[in-house]
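Chemist: Provided herewith is a single structure, encoded as structure tokens, for subsequent inquiry.
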Amino acid sequence: MSKLNRAWHDAHPMPANPTLDQRVEWHLAHTVHCGCRPIPRLVLEELARRGIEPPSPAN
Ligand SMILES: [Zn+2]
């Protein structure tokens, strides 16, 4: 993991017991800014349900 990604993670911890909304928001931002791991299937399914195109990973 690069320095930049570490900084992003430090600044954006996943909330404890996140709601689906929070998970969706977090993974959208994470994929754009870091992308060290893929979006989980549950979140991908929710994006599809909302008609949101998954972003391309940053790296
Ligand atoms: Zn990451």
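We name chains A, B, ... following the order of the structure tokens; residues begin at 1 in each chain, and ligands are numbered from 1 as shown.
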Kindly provide, as an MDAnalysis selection string, all nucleotide and amino acid residues lying within 12 Å of ligand 1, counting only C-alpha atoms and all ligand atoms.
Modeler: chainID A and resid 1:14 26:39 57:59
Chemist: Would you save the residues from that selection as a PDB file, in the first residue's frame, using C-alpha atoms?
Modeler:
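Written out: again.pdb:
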ATOM      1  CA  MET A   1       0.000   0.000   0.000  1.00  0.00           C
ATOM      2  CA  SER A   2       1.393   3.385  -0.974  1.00  0.00           C
ATOM      3  CA  LYS A   3       1.884   6.329   1.381  1.00  0.00           C
ATOM      4  CA  LEU A   4      -1.046   8.119  -0.245  1.00  0.00           C
ATOM      5  CA  ASN A   5      -3.354   5.189   0.311  1.00  0.00           C
ATOM      6  CA  ARG A   6      -2.270   4.876   3.938  1.00  0.00           C
ATOM      7  CA  ALA A   7      -3.061   8.568   4.447  1.00  0.00           C
ATOM      8  CA  TRP A   8      -6.491   8.122   2.878  1.00  0.00           C
ATOM      9  CA  HIS A   9      -7.264   5.121   5.080  1.00  0.00           C
ATOM     10  CA  ASP A  10      -6.122   6.957   8.208  1.00  0.00           C
ATOM     11  CA  ALA A  11      -8.416   9.861   7.311  1.00  0.00           C
ATOM     12  CA  HIS A  12     -11.368   7.654   6.310  1.00  0.00           C
ATOM     13  CA  PRO A  13     -11.890   4.744   8.696  1.00  0.00           C
ATOM     14  CA  MET A  14     -14.897   2.559   7.934  1.00  0.00           C
ATOM     15  CA  TRP A  26     -17.091   4.429   1.727  1.00  0.00           C
ATOM     16  CA  HIS A  27     -16.406   1.966  -1.072  1.00  0.00           C
ATOM     17  CA  LEU A  28     -17.157   4.528  -3.792  1.00  0.00           C
ATOM     18  CA  ALA A  29     -14.660   6.950  -2.250  1.00  0.00           C
ATOM     19  CA  HIS A  30     -12.189   4.183  -1.451  1.00  0.00           C
ATOM     20  CA  THR A  31     -12.135   2.840  -4.992  1.00  0.00           C
ATOM     21  CA  VAL A  32     -11.515   6.318  -6.409  1.00  0.00           C
ATOM     22  CA  HIS A  33      -8.815   7.295  -3.914  1.00  0.00           C
ATOM     23  CA  CYS A  34      -7.182   3.968  -3.066  1.00  0.00           C
ATOM     24  CA  GLY A  35      -8.638   0.756  -4.484  1.00  0.00           C
ATOM     25  CA  CYS A  36      -6.376  -1.569  -2.483  1.00  0.00           C
ATOM     26  CA  ARG A  37      -9.200  -4.103  -2.410  1.00  0.00           C
ATOM     27  CA  PRO A  38     -12.208  -4.748  -4.618  1.00  0.00           C
ATOM     28  CA  ILE A  39     -15.749  -3.599  -3.821  1.00  0.00           C
ATOM     29  CA  PRO A  57      -9.743   1.951  -9.201  1.00  0.00           C
ATOM     30  CA  ALA A  58      -7.138   4.649  -8.588  1.00  0.00           C
ATOM     31  CA  ASN A  59      -4.189   2.316  -9.186  1.00  0.00           C
TER      32      ASN A  59
END
Chemist: Extract the full set of alpha helix (DSSP H) residues from chain A according to DSSP on the backbone, and format it as a PyMOL selection string.
Modeler: chain A and resi 3-11+20-33+41-50
Chemist: For Ile52 in chain A, find every residue with an atom within 12 Å (counting only C-alpha atoms), except residues of its own chain fewer than 6 positions away, and show them as a ChimeraX atom specification.
Modeler: /A:24-25,28,43-46
Chemist: Between CA of Arg41 in chain A and CA of Pro15 in chain A, what is the distance in Å, rounded to a tenth?
Modeler: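 The value is 18.8 Å.
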